[in-house]
Each structure stands twice: as C-alpha cells, then as structure tokens.
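Colleague: Next comes the structure file model_34.tsv, holding TSV, C-alpha atoms.
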chain	number	residue	atom	x	y	z
A	1	MET	CA	0.06	-26.05	-32.56
A	2	LYS	CA	-3.18	-27.80	-33.53
A	3	ILE	CA	-4.67	-27.25	-36.97
A	4	ASN	CA	-7.77	-25.60	-35.53
A	5	ASP	CA	-5.67	-23.18	-33.49
A	6	GLN	CA	-3.66	-22.31	-36.59
A	7	LYS	CA	-6.85	-21.77	-38.55
A	8	GLU	CA	-8.21	-19.56	-35.80
A	9	ARG	CA	-5.06	-17.46	-35.81
A	10	VAL	CA	-5.30	-16.98	-39.57
A	11	ILE	CA	-8.94	-15.91	-39.28
A	12	GLU	CA	-8.10	-13.47	-36.45
A	13	GLU	CA	-5.29	-11.98	-38.48
A	14	TYR	CA	-7.77	-11.50	-41.31
A	15	TYR	CA	-10.17	-9.65	-39.00
A	16	LYS	CA	-7.23	-7.54	-37.89
A	17	TYR	CA	-6.47	-6.77	-41.53
A	18	ILE	CA	-10.12	-5.81	-42.17
A	19	GLY	CA	-9.94	-3.65	-39.05
A	20	SER	CA	-6.76	-1.94	-40.24
A	21	ILE	CA	-8.32	-1.14	-43.61
A	22	HIS	CA	-11.36	0.31	-41.86
A	23	ALA	CA	-8.99	2.37	-39.65
A	24	GLU	CA	-7.28	3.71	-42.77
A	25	ASN	CA	-10.59	4.58	-44.40
A	26	THR	CA	-11.75	6.28	-41.20
A	27	ALA	CA	-8.47	8.20	-40.95
A	28	LYS	CA	-8.90	9.43	-44.52
A	29	GLU	CA	-12.38	10.67	-43.63
A	30	ALA	CA	-10.90	12.34	-40.56
A	31	ASP	CA	-8.27	14.16	-42.64
A	32	GLU	CA	-10.99	15.47	-44.94
A	33	ILE	CA	-13.03	16.68	-41.98
A	34	ILE	CA	-9.97	18.28	-40.34
A	35	GLU	CA	-9.45	20.25	-43.56
A	36	LYS	CA	-13.13	21.22	-43.72
A	37	SER	CA	-13.35	22.22	-40.06
A	38	LYS	CA	-10.25	24.43	-39.93
A	39	ASP	CA	-12.21	27.65	-39.73
A	40	ILE	CA	-15.23	26.61	-37.69
A	41	ASP	CA	-16.30	28.58	-34.69
A	42	PHE	CA	-15.06	26.39	-31.85
A	43	PRO	CA	-17.07	27.13	-28.67
A	44	LYS	CA	-15.17	29.05	-25.98
A	45	GLU	CA	-17.13	27.14	-23.34
A	46	LEU	CA	-15.37	23.99	-24.45
A	47	GLU	CA	-11.97	25.70	-24.16
A	48	HIS	CA	-12.79	26.80	-20.62
A	49	TRP	CA	-14.06	23.35	-19.76
A	50	PHE	CA	-10.88	21.69	-20.99
A	51	GLU	CA	-8.67	24.13	-19.06
A	52	GLY	CA	-10.67	23.33	-15.94
A	53	TYR	CA	-10.46	19.60	-16.60
A	54	ILE	CA	-6.68	19.69	-16.96
A	55	GLY	CA	-6.44	21.90	-13.87
A	56	ASP	CA	-8.46	19.36	-11.88
A	57	THR	CA	-6.20	16.53	-12.97
A	58	ILE	CA	-3.12	18.49	-11.89
A	59	LYS	CA	-4.66	19.23	-8.47
A	60	LYS	CA	-5.71	15.65	-7.92
A	61	ASP	CA	-2.34	14.39	-9.09
A	62	LYS	CA	-0.57	16.69	-6.56
A	63	LYS	CA	-2.97	15.62	-3.80
A	64	SER	CA	-2.41	11.97	-4.61
A	65	LYS	CA	1.38	12.43	-4.63
A	66	PHE	CA	1.21	14.28	-1.28
A	67	LYS	CA	-0.90	11.52	0.25
A	68	SER	CA	1.51	8.93	-1.05
A	69	ARG	CA	4.54	10.82	0.33
A	70	PHE	CA	2.79	11.39	3.67
A	71	SER	CA	1.83	7.75	3.94
A	72	SER	CA	5.37	6.71	3.12
A	73	THR	CA	6.80	9.12	5.75
A	74	VAL	CA	4.36	7.91	8.40
A	75	LYS	CA	5.27	4.30	7.64
A	76	ARG	CA	8.98	5.08	7.91
A	77	ALA	CA	8.44	6.95	11.19
A	78	ALA	CA	6.40	4.06	12.54
A	79	ILE	CA	9.11	1.57	11.61
A	80	PHE	CA	11.74	3.81	13.21
A	81	LEU	CA	9.72	4.09	16.43
A	82	ILE	CA	9.17	0.34	16.53
A	83	ILE	CA	12.90	-0.31	16.10
A	84	LEU	CA	13.69	2.31	18.73
A	85	GLY	CA	11.14	0.79	21.08
A	86	ILE	CA	12.60	-2.69	20.56
A	87	GLY	CA	16.07	-1.31	21.20
A	88	VAL	CA	15.02	0.34	24.46
A	89	PHE	CA	13.16	-2.80	25.51
A	90	VAL	CA	16.12	-5.06	24.79
A	91	THR	CA	18.48	-2.70	26.65
A	92	THR	CA	16.15	-2.60	29.65
A	93	MET	CA	15.73	-6.34	29.67
A	94	SER	CA	19.49	-6.91	29.63
A	95	VAL	CA	19.84	-5.57	33.22
A	96	GLU	CA	18.39	-8.23	35.49
A	97	ALA	CA	17.35	-5.95	38.38
A	98	TYR	CA	15.52	-3.71	35.98
A	99	ARG	CA	14.03	-6.73	34.23
A	100	ILE	CA	12.50	-7.96	37.47
A	101	ARG	CA	11.11	-4.53	38.34
A	102	PHE	CA	9.98	-3.91	34.79
A	103	LEU	CA	8.15	-7.22	34.53
A	104	ASN	CA	6.43	-6.58	37.82
A	105	LEU	CA	5.48	-3.19	36.50
A	106	ILE	CA	3.95	-4.78	33.42
A	107	THR	CA	2.11	-7.28	35.61
A	108	GLU	CA	0.72	-4.40	37.61
A	109	VAL	CA	-0.48	-2.62	34.50
A	110	THR	CA	-2.18	-5.67	33.06
A	111	GLU	CA	-3.94	-6.45	36.31
A	112	ARG	CA	-5.30	-2.96	36.85
A	113	TYR	CA	-6.78	-1.70	33.57
A	114	THR	CA	-8.93	0.97	35.18
A	115	SER	CA	-6.01	2.74	36.61
A	116	ILE	CA	-3.25	4.42	34.76
A	117	THR	CA	-1.28	5.02	37.90
A	118	ILE	CA	1.44	2.45	38.17
A	119	GLU	CA	1.72	1.06	41.67
A	120	ARG	CA	4.50	-1.10	42.94
A	121	GLU	CA	3.44	-4.25	44.72
A	122	PRO	CA	3.92	-4.02	48.51
A	123	ASP	CA	6.45	-6.83	48.69
A	124	GLU	CA	8.53	-5.15	46.03
A	125	SER	CA	8.77	-2.05	48.15
A	126	PRO	CA	10.82	-2.92	51.19
A	127	ASN	CA	9.52	-1.62	54.42
A	128	ASN	CA	12.75	-0.03	55.35
A	129	ASP	CA	11.51	2.61	57.68
A	130	LEU	CA	13.55	1.01	60.44
A	131	LEU	CA	16.74	1.56	58.46
A	132	GLY	CA	16.52	5.29	58.94
A	133	GLU	CA	16.84	8.13	56.52
A	134	SER	CA	19.66	6.83	54.39
A	135	TYR	CA	21.29	3.49	53.84
A	136	PHE	CA	22.92	1.29	51.25
A	137	TYR	CA	20.85	-1.26	49.38
A	138	PRO	CA	21.97	-3.88	46.85
A	139	GLY	CA	20.88	-3.24	43.27
A	140	TYR	CA	21.46	-6.92	42.48
A	141	ILE	CA	19.71	-9.55	44.59
A	142	PRO	CA	20.43	-13.17	43.69
A	143	VAL	CA	17.66	-14.98	41.87
A	144	GLY	CA	15.02	-16.43	44.14
A	145	TYR	CA	15.76	-14.15	47.07
A	146	LYS	CA	13.53	-11.41	48.46
A	147	GLN	CA	13.98	-9.10	51.36
A	148	SER	CA	12.41	-10.62	54.46
A	149	ASP	CA	13.44	-8.26	57.23
A	150	ALA	CA	15.37	-5.09	58.02
A	151	GLN	CA	16.72	-4.05	61.39
A	152	SER	CA	18.57	-1.06	62.70
A	153	TYR	CA	20.82	-0.91	65.80
A	154	GLY	CA	22.16	2.59	66.03
A	155	GLU	CA	24.51	2.98	63.08
A	156	LEU	CA	24.34	-0.73	62.36
A	157	ARG	CA	21.76	-1.77	59.80
A	158	VAL	CA	20.97	-5.32	58.83
A	159	ILE	CA	18.83	-6.45	55.92
A	160	TYR	CA	17.86	-10.08	55.48
A	161	PHE	CA	16.95	-11.81	52.18
A	162	GLU	CA	15.37	-15.24	52.00
A	163	ASN	CA	14.67	-17.60	49.12
A	164	GLY	CA	11.68	-19.50	50.46
A	165	ILE	CA	13.60	-22.76	51.01
A	166	GLY	CA	15.33	-21.77	54.21
A	167	ASP	CA	18.42	-20.03	52.83
A	168	ARG	CA	19.17	-16.56	54.06
A	169	ILE	CA	21.50	-13.75	53.06
A	170	GLU	CA	22.54	-11.29	55.68
A	171	PHE	CA	23.63	-7.84	54.52
A	172	LEU	CA	25.10	-5.64	57.19
A	173	GLN	CA	26.32	-2.06	56.97
A	174	THR	CA	27.82	0.18	59.60
A	175	GLU	CA	30.23	3.02	60.11
A	176	VAL	CA	33.78	2.44	59.05
A	177	ASP	CA	35.09	2.49	62.60
A	178	SER	CA	32.94	-0.43	63.68
A	179	ASN	CA	34.47	-3.81	64.39
A	180	LEU	CA	33.11	-6.60	62.24
A	181	GLN	CA	34.08	-10.17	63.05
A	182	VAL	CA	33.81	-13.33	61.01
A	183	ASP	CA	34.57	-16.97	61.77
A	184	THR	CA	37.65	-17.99	59.76
A	185	GLU	CA	38.38	-21.32	61.50
A	186	ASP	CA	38.70	-24.07	58.89
A	187	ALA	CA	37.81	-21.51	56.26
A	188	THR	CA	39.61	-20.28	53.18
A	189	THR	CA	40.18	-16.56	52.85
A	190	GLU	CA	40.97	-14.43	49.84
A	191	ASP	CA	41.78	-10.76	49.49
A	192	ILE	CA	39.31	-9.13	47.16
A	193	THR	CA	38.51	-5.68	45.79
A	194	ILE	CA	34.97	-4.31	45.67
A	195	ASN	CA	34.56	-1.16	43.55
A	196	GLY	CA	38.16	-0.24	44.36
A	197	SER	CA	37.82	-0.91	48.09
A	198	LYS	CA	39.75	-3.59	49.93
A	199	GLY	CA	37.84	-6.61	51.13
A	200	LEU	CA	38.09	-10.15	52.35
A	201	LEU	CA	36.21	-13.18	51.04
A	202	VAL	CA	35.82	-16.05	53.51
A	203	SER	CA	34.58	-19.42	52.34
A	204	LYS	CA	33.50	-22.01	54.90
A	205	GLU	CA	31.65	-25.05	53.65
A	206	ASP	CA	28.89	-23.68	51.37
A	207	VAL	CA	28.68	-20.32	53.09
A	208	LYS	CA	30.52	-17.32	51.82
A	209	THR	CA	31.19	-14.16	53.79
A	210	LEU	CA	32.38	-10.95	52.22
A	211	LEU	CA	33.65	-7.97	54.19
A	212	TRP	CA	34.86	-4.73	52.68
A	213	PHE	CA	35.41	-1.16	53.69
A	214	THR	CA	34.99	2.21	52.07
A	215	ASP	CA	36.02	5.58	53.44
A	216	THR	CA	32.77	5.93	55.32
A	217	ASN	CA	31.29	2.48	55.78
A	218	SER	CA	31.95	-1.15	56.52
A	219	PHE	CA	29.92	-3.84	54.79
A	220	PHE	CA	29.28	-7.49	55.39
A	221	ILE	CA	27.38	-10.00	53.26
A	222	MET	CA	26.95	-13.62	54.29
A	223	GLY	CA	24.99	-16.41	52.68
A	224	LYS	CA	24.94	-19.65	50.70
A	225	LEU	CA	26.11	-17.98	47.48
A	226	ASP	CA	28.85	-18.55	45.00
A	227	GLN	CA	31.65	-16.02	44.66
A	228	LYS	CA	30.19	-14.41	41.57
A	229	GLU	CA	26.83	-13.80	43.22
A	230	ILE	CA	28.18	-12.38	46.45
A	231	VAL	CA	30.61	-10.10	44.61
A	232	SER	CA	27.83	-8.93	42.23
A	233	MET	CA	25.64	-8.11	45.20
A	234	ALA	CA	28.46	-6.20	46.87
A	235	GLU	CA	29.37	-4.25	43.77
A	236	SER	CA	25.73	-3.25	43.12
A	237	LEU	CA	25.19	-1.27	46.31
A	238	GLU	CA	23.17	1.90	45.84
A	239	PHE	CA	22.86	4.70	48.36
A	240	ILE	CA	19.21	5.25	49.28
A	241	LYS	CA	18.19	8.54	50.82
B	242	MET	CA	-23.53	16.84	-16.04
B	243	PHE	CA	-20.36	14.90	-16.35
B	244	ILE	CA	-18.73	12.31	-14.24
B	245	PHE	CA	-15.03	12.88	-14.45
B	246	ALA	CA	-14.45	9.20	-14.27
B	247	ALA	CA	-11.14	9.45	-15.98
B	248	LEU	CA	-8.39	11.60	-14.69
B	249	VAL	CA	-5.02	11.53	-16.32
B	250	ASN	CA	-2.45	10.42	-13.84
B	251	SER	CA	0.91	11.32	-15.23
B	252	GLU	CA	2.31	14.49	-16.71
B	253	GLU	CA	3.23	12.61	-19.87
B	254	ASP	CA	-0.34	11.41	-20.35
B	255	ARG	CA	-1.65	14.88	-19.61
B	256	THR	CA	0.57	16.39	-22.28
B	257	LYS	CA	-0.55	13.74	-24.76
B	258	LEU	CA	-4.20	14.49	-24.03
B	259	GLU	CA	-3.62	18.20	-24.47
B	260	GLN	CA	-1.97	17.59	-27.85
B	261	ILE	CA	-4.87	15.38	-28.93
B	262	TYR	CA	-7.34	18.06	-27.88
B	263	ILE	CA	-5.52	20.81	-29.75
B	264	LYS	CA	-5.17	18.70	-32.92
B	265	TYR	CA	-8.59	17.06	-33.04
B	266	LYS	CA	-11.00	19.37	-31.21
B	267	ASN	CA	-12.43	20.83	-34.41
B	268	LEU	CA	-12.78	17.34	-35.90
B	269	MET	CA	-14.66	16.07	-32.84
B	270	TYR	CA	-16.95	19.07	-32.66
B	271	TYR	CA	-17.68	18.90	-36.40
B	272	ILE	CA	-18.59	15.19	-36.33
B	273	ALA	CA	-20.78	15.56	-33.22
B	274	ASN	CA	-22.58	18.59	-34.61
B	275	ASP	CA	-23.07	16.86	-37.95
B	276	ILE	CA	-24.83	13.92	-36.28
B	277	LEU	CA	-26.78	15.79	-33.62
B	278	LYS	CA	-27.44	19.11	-35.40
B	279	ASN	CA	-27.26	20.77	-32.01
B	280	THR	CA	-24.28	22.78	-30.77
B	281	HIS	CA	-24.95	22.30	-27.06
B	282	GLU	CA	-25.29	18.56	-27.42
B	283	ALA	CA	-22.20	18.56	-29.63
B	284	GLU	CA	-20.27	20.28	-26.81
B	285	ASP	CA	-21.45	17.63	-24.36
B	286	VAL	CA	-20.33	14.92	-26.77
B	287	VAL	CA	-16.88	16.47	-27.17
B	288	GLN	CA	-16.46	16.64	-23.38
B	289	ASN	CA	-17.56	13.02	-22.95
B	290	SER	CA	-15.29	11.95	-25.78
B	291	ILE	CA	-12.27	13.66	-24.20
B	292	ILE	CA	-13.00	11.84	-20.96
B	293	LYS	CA	-13.27	8.54	-22.81
B	294	ILE	CA	-10.01	9.21	-24.67
B	295	ALA	CA	-8.36	9.92	-21.29
B	296	ASN	CA	-9.42	6.41	-20.23
B	297	TYR	CA	-7.42	4.92	-23.07
B	298	ILE	CA	-4.58	7.43	-23.22
B	299	GLU	CA	-2.03	4.74	-22.38
B	300	LYS	CA	-2.99	2.85	-25.52
B	301	ILE	CA	-2.19	5.84	-27.70
B	302	ASP	CA	1.43	6.14	-28.81
B	303	ASP	CA	1.55	8.38	-31.83
B	304	ILE	CA	-1.18	11.03	-31.87
B	305	ASN	CA	-0.75	11.62	-35.60
B	306	CYS	CA	-1.11	8.04	-36.84
B	307	ASN	CA	-4.17	6.53	-38.54
B	308	LYS	CA	-4.78	4.28	-35.59
B	309	THR	CA	-5.26	7.25	-33.26
B	310	LYS	CA	-7.38	9.19	-35.76
B	311	SER	CA	-9.67	6.20	-36.31
B	312	LEU	CA	-10.05	5.68	-32.57
B	313	ILE	CA	-10.98	9.31	-31.94
B	314	VAL	CA	-13.50	9.33	-34.79
B	315	THR	CA	-15.04	6.07	-33.53
B	316	ILE	CA	-15.36	7.41	-30.01
B	317	VAL	CA	-16.99	10.67	-31.10
B	318	LYS	CA	-19.34	8.96	-33.53
B	319	SER	CA	-20.50	6.32	-31.08
B	320	THR	CA	-20.97	8.90	-28.31
B	321	SER	CA	-22.99	11.11	-30.65
B	322	ILE	CA	-25.16	8.20	-31.80
B	323	ASP	CA	-25.74	7.23	-28.18
B	324	VAL	CA	-26.95	10.77	-27.37
B	325	TYR	CA	-29.08	10.80	-30.49
B	326	ARG	CA	-30.78	7.53	-29.56
B	327	LYS	CA	-31.45	8.67	-26.03
B	328	LYS	CA	-33.04	11.85	-27.37
B	329	LYS	CA	-35.75	9.87	-29.11
B	330	ASP	CA	-38.97	9.25	-27.25
B	331	ASN	CA	-38.55	5.52	-27.74
B	332	TYR	CA	-35.07	4.28	-27.15
B	333	ILE	CA	-34.12	2.34	-30.26
B	334	ILE	CA	-32.91	-1.07	-29.33
B	335	ASP	CA	-30.40	-2.35	-31.78
B	336	ILE	CA	-31.70	-5.64	-33.09
B	337	ASP	CA	-28.17	-7.03	-32.86
B	338	GLU	CA	-28.18	-6.66	-29.13
B	339	THR	CA	-31.34	-8.62	-28.51
B	340	GLY	CA	-29.77	-11.94	-29.43
B	341	ASN	CA	-29.01	-13.80	-26.25
B	342	ARG	CA	-27.38	-16.83	-27.66
B	343	ILE	CA	-24.24	-16.94	-29.64
B	344	GLU	CA	-24.94	-19.89	-31.87
B	345	SER	CA	-21.47	-20.99	-32.43
B	346	ASP	CA	-17.98	-20.10	-31.33
B	347	GLU	CA	-16.53	-21.26	-34.60
B	348	PRO	CA	-15.19	-18.55	-36.86
B	349	PRO	CA	-17.78	-18.04	-39.60
B	350	LEU	CA	-15.18	-17.66	-42.33
B	351	ASP	CA	-13.64	-21.08	-42.06
B	352	ASP	CA	-15.41	-22.40	-45.13
B	353	LEU	CA	-14.42	-19.54	-47.36
B	354	ILE	CA	-11.20	-18.74	-49.07
B	355	ILE	CA	-10.11	-15.38	-47.81
B	356	ARG	CA	-9.78	-12.98	-50.72
B	357	LEU	CA	-7.10	-10.66	-49.52
B	358	GLU	CA	-6.98	-8.61	-52.70
B	359	GLU	CA	-10.63	-7.66	-52.18
B	360	SER	CA	-10.29	-6.81	-48.50
B	361	GLU	CA	-10.29	-3.09	-49.05
B	362	GLU	CA	-13.55	-3.26	-50.92
B	363	LEU	CA	-15.03	-5.69	-48.42
B	364	SER	CA	-14.15	-3.46	-45.52
B	365	LYS	CA	-15.84	-0.50	-47.20
B	366	LYS	CA	-18.94	-2.54	-47.90
B	367	LEU	CA	-19.10	-3.74	-44.36
B	368	ALA	CA	-18.84	-0.17	-43.12
B	369	GLU	CA	-21.60	0.85	-45.54
B	370	LEU	CA	-23.78	-2.01	-44.36
B	371	LYS	CA	-23.39	-1.04	-40.72
B	372	SER	CA	-20.47	1.10	-39.62
B	373	GLU	CA	-20.74	-0.24	-36.07
B	374	TYR	CA	-19.77	-3.71	-37.33
B	375	ALA	CA	-16.64	-2.42	-39.00
B	376	ASP	CA	-15.88	-0.29	-35.92
B	377	ILE	CA	-16.12	-3.19	-33.52
B	378	LEU	CA	-13.92	-5.48	-35.62
B	379	MET	CA	-11.39	-2.65	-35.84
B	380	LEU	CA	-11.45	-2.06	-32.07
B	381	LYS	CA	-11.23	-5.75	-31.23
B	382	TYR	CA	-8.63	-7.00	-33.70
B	383	TYR	CA	-6.72	-3.94	-34.85
B	384	HIS	CA	-6.70	-1.77	-31.70
B	385	GLN	CA	-6.59	-4.92	-29.54
B	386	PHE	CA	-9.13	-3.62	-27.04
B	387	ASN	CA	-10.72	-6.09	-24.66
B	388	ASP	CA	-14.49	-6.41	-24.38
B	389	LYS	CA	-14.71	-4.09	-21.37
B	390	GLU	CA	-12.76	-1.37	-23.17
B	391	ILE	CA	-14.88	-1.77	-26.29
B	392	ALA	CA	-17.99	-1.41	-24.15
B	393	GLY	CA	-16.61	1.87	-22.82
B	394	VAL	CA	-15.79	3.26	-26.25
B	395	LEU	CA	-19.08	2.27	-27.87
B	396	SER	CA	-21.28	2.90	-24.81
B	397	LEU	CA	-22.43	-0.71	-24.79
B	398	LYS	CA	-23.10	-3.17	-22.03
B	399	ASN	CA	-20.30	-5.70	-21.61
B	400	GLU	CA	-22.47	-8.65	-22.61
B	401	ASN	CA	-23.58	-6.93	-25.81
B	402	VAL	CA	-20.03	-6.51	-27.06
B	403	ARG	CA	-19.64	-10.22	-27.75
B	404	ILE	CA	-22.97	-10.32	-29.49
B	405	ARG	CA	-22.07	-7.42	-31.73
B	406	ILE	CA	-18.67	-8.92	-32.58
B	407	TYR	CA	-20.37	-12.15	-33.58
B	408	ARG	CA	-22.93	-10.28	-35.68
B	409	ALA	CA	-20.14	-8.29	-37.31
B	410	LYS	CA	-18.44	-11.50	-38.37
B	411	ILE	CA	-21.70	-12.87	-39.76
B	412	ALA	CA	-22.24	-9.64	-41.69
B	413	LEU	CA	-18.70	-9.77	-43.09
B	414	LYS	CA	-19.32	-13.31	-44.28
B	415	LYS	CA	-22.55	-12.23	-45.95
B	416	VAL	CA	-20.75	-9.39	-47.71
B	417	MET	CA	-18.11	-11.82	-48.93
B	418	LEU	CA	-20.74	-14.29	-50.11
B	419	LYS	CA	-22.63	-11.60	-52.03
B	420	ASP	CA	-19.48	-10.92	-53.94
I need this file expressed as structure tokens, please.

Modeller:
Amino acid sequence: MKINDQKERVIEEYYKYIGSIHAENTAKEADEIIEKSKDIDFPKELEHWFEGYIGDTIKKDKKSKFKSRFSSTVKRAAIFLIILGIGVFVTTMSVEAYRIRFLNLITEVTERYTSITIEREPDESPNNDLLGESYFYPGYIPVGYKQSDAQSYGELRVIYFENGIGDRIEFLQTEVDSNLQVDTEDATTEDITINGSKGLLVSKEDVKTLLWFTDTNSFFIMGKLDQKEIVSMAESLEFIK
Amino acid sequence: MFIFAALVNSEEDRTKLEQIYIKYKNLMYYIANDILKNTHEAEDVVQNSIIKIANYIEKIDDINCNKTKSLIVTIVKSTSIDVYRKKKDNYIIDIDETGNRIESDEPPLDDLIIRLEESEELSKKLAELKSEYADILMLKYYHQFNDKEIAGVLSLKNENVRIRIYRAKIALKKVMLKD
C-alpha cells in the first residue's frame, strides 16, 4: 500500500473516532432527554398515525407477496403449457401422414390471415365421389406421390397415385370373392402378412405387386416401390365412409 | 401531507421499527417540540423522522446502542431544523452550501499530529462550533453512510453533502489549531 493511501486511512480512522465520540455525546444527551420526557403528554394523533402506517406496510407487503406468487404461478403455467405444446407438436410431427397434412394446414393459415376457417387445399382433398359411399384409402402415401385419379367399376375401385416423373401406383380394392390376377412370370414371390391377413408379394424388375385378402375385401397395390413402402401403404388402409 | 416513501418490507424490519417507535417516541417528540415550539409541527417532524428511520432500518442492528440513539437524535434534529428554516420568510441558505469548489481533495489534517487524548474535547468543541459538522462526520465515518444516505438524513441536496463534509474537516482542523 502506498504511503499516501496509508496516511489517508489513518486520517479516515481519526474522523471515524471523532464521529464515535460525537455519537457517544449525542447518546448521553438522548438518555437525559428520555429521562426528562418520560411523563410528557404524547399526542394520540401520532399513535393513530403510526398504527395506520404499520397497517399500510402490512397491506402493501401482503399485496406485493401475492403479486409475486401470482407472477411465479403464471410463469410456471406458461412454461408447462409451452412444454406441453412442444410435446404435442413433436408427437404430431412424428407421424408422416399427419406431418404432411399439418404442414399444409399451417400453410393455409399463413396464407389466409383474414379467415380463421381452416380450408384444405383442393388437391389435398381427393375427389373421390366416383368411389361411392365407402371405400378404403391408404393413410400412408409414399413420399412424392399424390392421388391423380379414382375410378369405380361396380364393386371394384381403383385409385391412382403419381409422383410427377411418370411413376404410378395403382391401388385396387374389391369384394373378397373377386378374382385378382397378377403376372408372376420371371418374378419372385413371397408370402406376406398384412395386418394379420394373408398376402402375396410379387417382385418383377423394379415393380412390386402386393395382393392380400381380408374377410370382406381383396386388395391390390402395384408400383415402383420398395418392399417397405408397399407394405407400409398396405398396412395403413383406413375405411372412409 | 406526507409521502410514505419508505415502507418497511419485512416483518423483522417492521418489528424493529415498532420497537424504535415505542422506545424513542417521547425523545423524538421532545426534541422536535424544543426546537420548533409548536406541537403540530413537532408531530409532523416525528412522522417524517419515522419515515426516514424506516429508510435506514436495515442499517440498525441494536436499537439500544449509542449508535442507534445518535442516529435517531440526528434525524429528528435535522428534520426539525429543516422545518424551522422553511418557516422563515427568507429561507436561510447555509453559507457552507454556497461553495461550489472543493479546493483540495487532500485531507486537511495531514500536517498535524493527531492528538488522540484530546479527541473527546475536540469533538465537543466541534459540535459546539456547528453541530451539523460533527453530525456529518459521524454519519460519514462512524455510521458509514454514503453521500446519498446522508443527504436523506440531513435533508440536503446530494452535491451539498460533499461540501459540508469538506467544511466539517476544515472546521475540525481550525479547532485543533486553536488548541
């Protein structure tokens, strides 16, 4: 420590000492006055004022504590809702079919701010009037494919999906008694099970054909797909009324 | 009438303030009335003093010690004097507070040998010369208040606190030189 700093500290300590002596002298005066003023007539107005002052501090303290608790609860609730919202969003996004529909939904909302009615885009809503009152429709459609056509021939219904580069998937459904035929010449075949129902997977060059039967219907999917995709499509059928 | 600028935040502080009020209310009222010779003004001073004490309640540990007593007396006295001055037709400007320049930052006592054995007498003489000088040295160096807190206790402007501290040191030096 420099000499000047040391000197300054000594001087400050001296002022502190002078201050402490003055405090003692003042305290002695105070003790004398306390003795003298024991029996004075202390104003009642001041007593009432002090009671009110303390009461105000208690009220404001309670109000402040309530606000603090409320704010803390609101923050916790907000965090909980955000986490819940993220959880729901992540769960929704994990299912691809829902992800596609959900994202289109979001696109719709952002493009039409004046409307709060969510509308599906026309090409997302298949024009399946020709399919009749009820039919099966795949919940999973391979990436890049969209429905391009739907035809109905009595109990036979055919839905076509195309990917824009000339590839087509044909999905056929009919009554269980119908006779479905597939070309197996120079093809490999494999027995397969779709949702517990027996089926046959036929692979010829890069085209796969899957046939399977339930108690009420026969199904047929054909297209340039790998086994995983065609099976996923088959297993995702939903009954549309 | 009053701005309740200070509200005591914790129950502990509130209890401390209540104890201070009960112990020193007569003292505060007596001092204020003695200076102002007016009971209504004395009541106002006691209220203002309580509010000021509430501002510094965290600095008070033991309500019975000399440090606390001296602080309470200083607050009441300075508040009373402030009311007294404002009562006058012409507001008396303390000559100490008109000085705009502090001539030097060097401690004025550096060329004197500090006579510790005479400190008690010196402190009394300083207080007799001008009690506000002794008060401000006590608040600054003994109570360890900062300039803003001192301004609050003594009802001064912030900038005038430094001036008064400097003047107090000069006055102390003069008192020492006289002896």

Colleague: So that I can see what lies close to Arg168 (chain A), please list as a ChimeraX atom specification the residues with an atom at most 12 Å from it, counting all atoms listed in the file and leaving out residues fewer than 2 positions away in the same chain.

Modeller: /A:141-142,144-149,159-166,170-171,207-208,221-225

Colleague: Compile a residue-level contact table for chain B against chain A at a cut-off of 8 Å, reporting for every qualifying residue the shortest atom pair and its distance in Å to one decimal, with all atoms listed in the file counted, rows ordered by chain and ascending number, as a tab-separated table.

Modeller:
residue	atom	partner	partner_atom	distance
B:Leu248	CA	A:Thr57	CA	5.7
B:Val249	CA	A:Thr57	CA	6.1
B:Asn250	CA	A:Asp61	CA	6.2
B:Ser251	CA	A:Asp61	CA	7.6
B:Arg255	CA	A:Ile54	CA	7.4
B:Tyr265	CA	A:Ile34	CA	7.5
B:Asn267	CA	A:Ser37	CA	5.9
B:Leu268	CA	A:Ile34	CA	5.3
B:Tyr270	CA	A:Phe42	CA	7.6
B:Tyr271	CA	A:Ser37	CA	6.6
B:Glu284	CA	A:Leu46	CA	6.6
B:Gln288	CA	A:Leu46	CA	7.5
B:Asn307	CA	A:Ala27	CA	5.2
B:Lys308	CA	A:Ala23	CA	6.2
B:Lys310	CA	A:Ala27	CA	5.4
B:Ser311	CA	A:Ala23	CA	5.1
B:Leu312	CA	A:Ala23	CA	7.9
B:Val314	CA	A:Ala30	CA	7.0
B:Pro348	CA	A:Glu8	CA	7.1
B:Leu350	CA	A:Ile11	CA	7.2
B:Asp351	CA	A:Ile11	CA	7.5
B:Ile355	CA	A:Tyr14	CA	7.9
B:Ser360	CA	A:Ile18	CA	6.4
B:Glu361	CA	A:Ile21	CA	6.1
B:Leu363	CA	A:Ile18	CA	7.9
B:Ser364	CA	A:Ile18	CA	5.7
B:Lys365	CA	A:His22	CA	7.0
B:Ala368	CA	A:His22	CA	7.6
B:Ala375	CA	A:His22	CA	6.6
B:Asp376	CA	A:His22	CA	7.5
B:Leu378	CA	A:Gly19	CA	5.6
B:Met379	CA	A:Gly19	CA	3.7
B:Leu380	CA	A:Gly19	CA	7.3
B:Lys381	CA	A:Lys16	CA	8.0
B:Tyr382	CA	A:Lys16	CA	4.5
B:Tyr383	CA	A:Lys16	CA	4.7

Colleague: What does the structure give for the distance between CA of Asn387 (chain B) and CA of Val402 (chain B), in Å to one decimal?

Modeller: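 Answer for the CA of Asn387 (chain B) to CA of Val402 (chain B) separation: 9.6 Å.
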
Colleague: One decimal, Å: what's the distance from CA of Ala295 (chain B) over to CA of Lys257 (chain B), could you say?

Modeller: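 Distance between the two atoms: 9.4 Å.
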
Colleague: Suppose you want the space between CA of Asp323 (chain B) and CA of Ile276 (chain B); what is it in Å?

Modeller: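 Interatomic distance here is 10.5 Å.
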
Colleague: If we count only C-alpha atoms and set the cut-off at 12 Å, which residues sit around Lys419 (chain B), ignoring sequence neighbours fewer than 6 positions away in its own chain? Please answer as a list in words.

Modeller: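 So the residues in contact are Leu363, Lys366, Leu367, Ala412 and Leu413 of chain B.
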
Colleague: Taking all atoms listed in the file into account, name the residue in B:Asn296, B:Arg403, B:Gly393, B:Ser290 that is nearest to Tyr262 (chain B).

Modeller: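 Nearest candidate to Tyr262 (chain B) out of B:Asn296, B:Arg403, B:Gly393, B:Ser290: B:Ser290.
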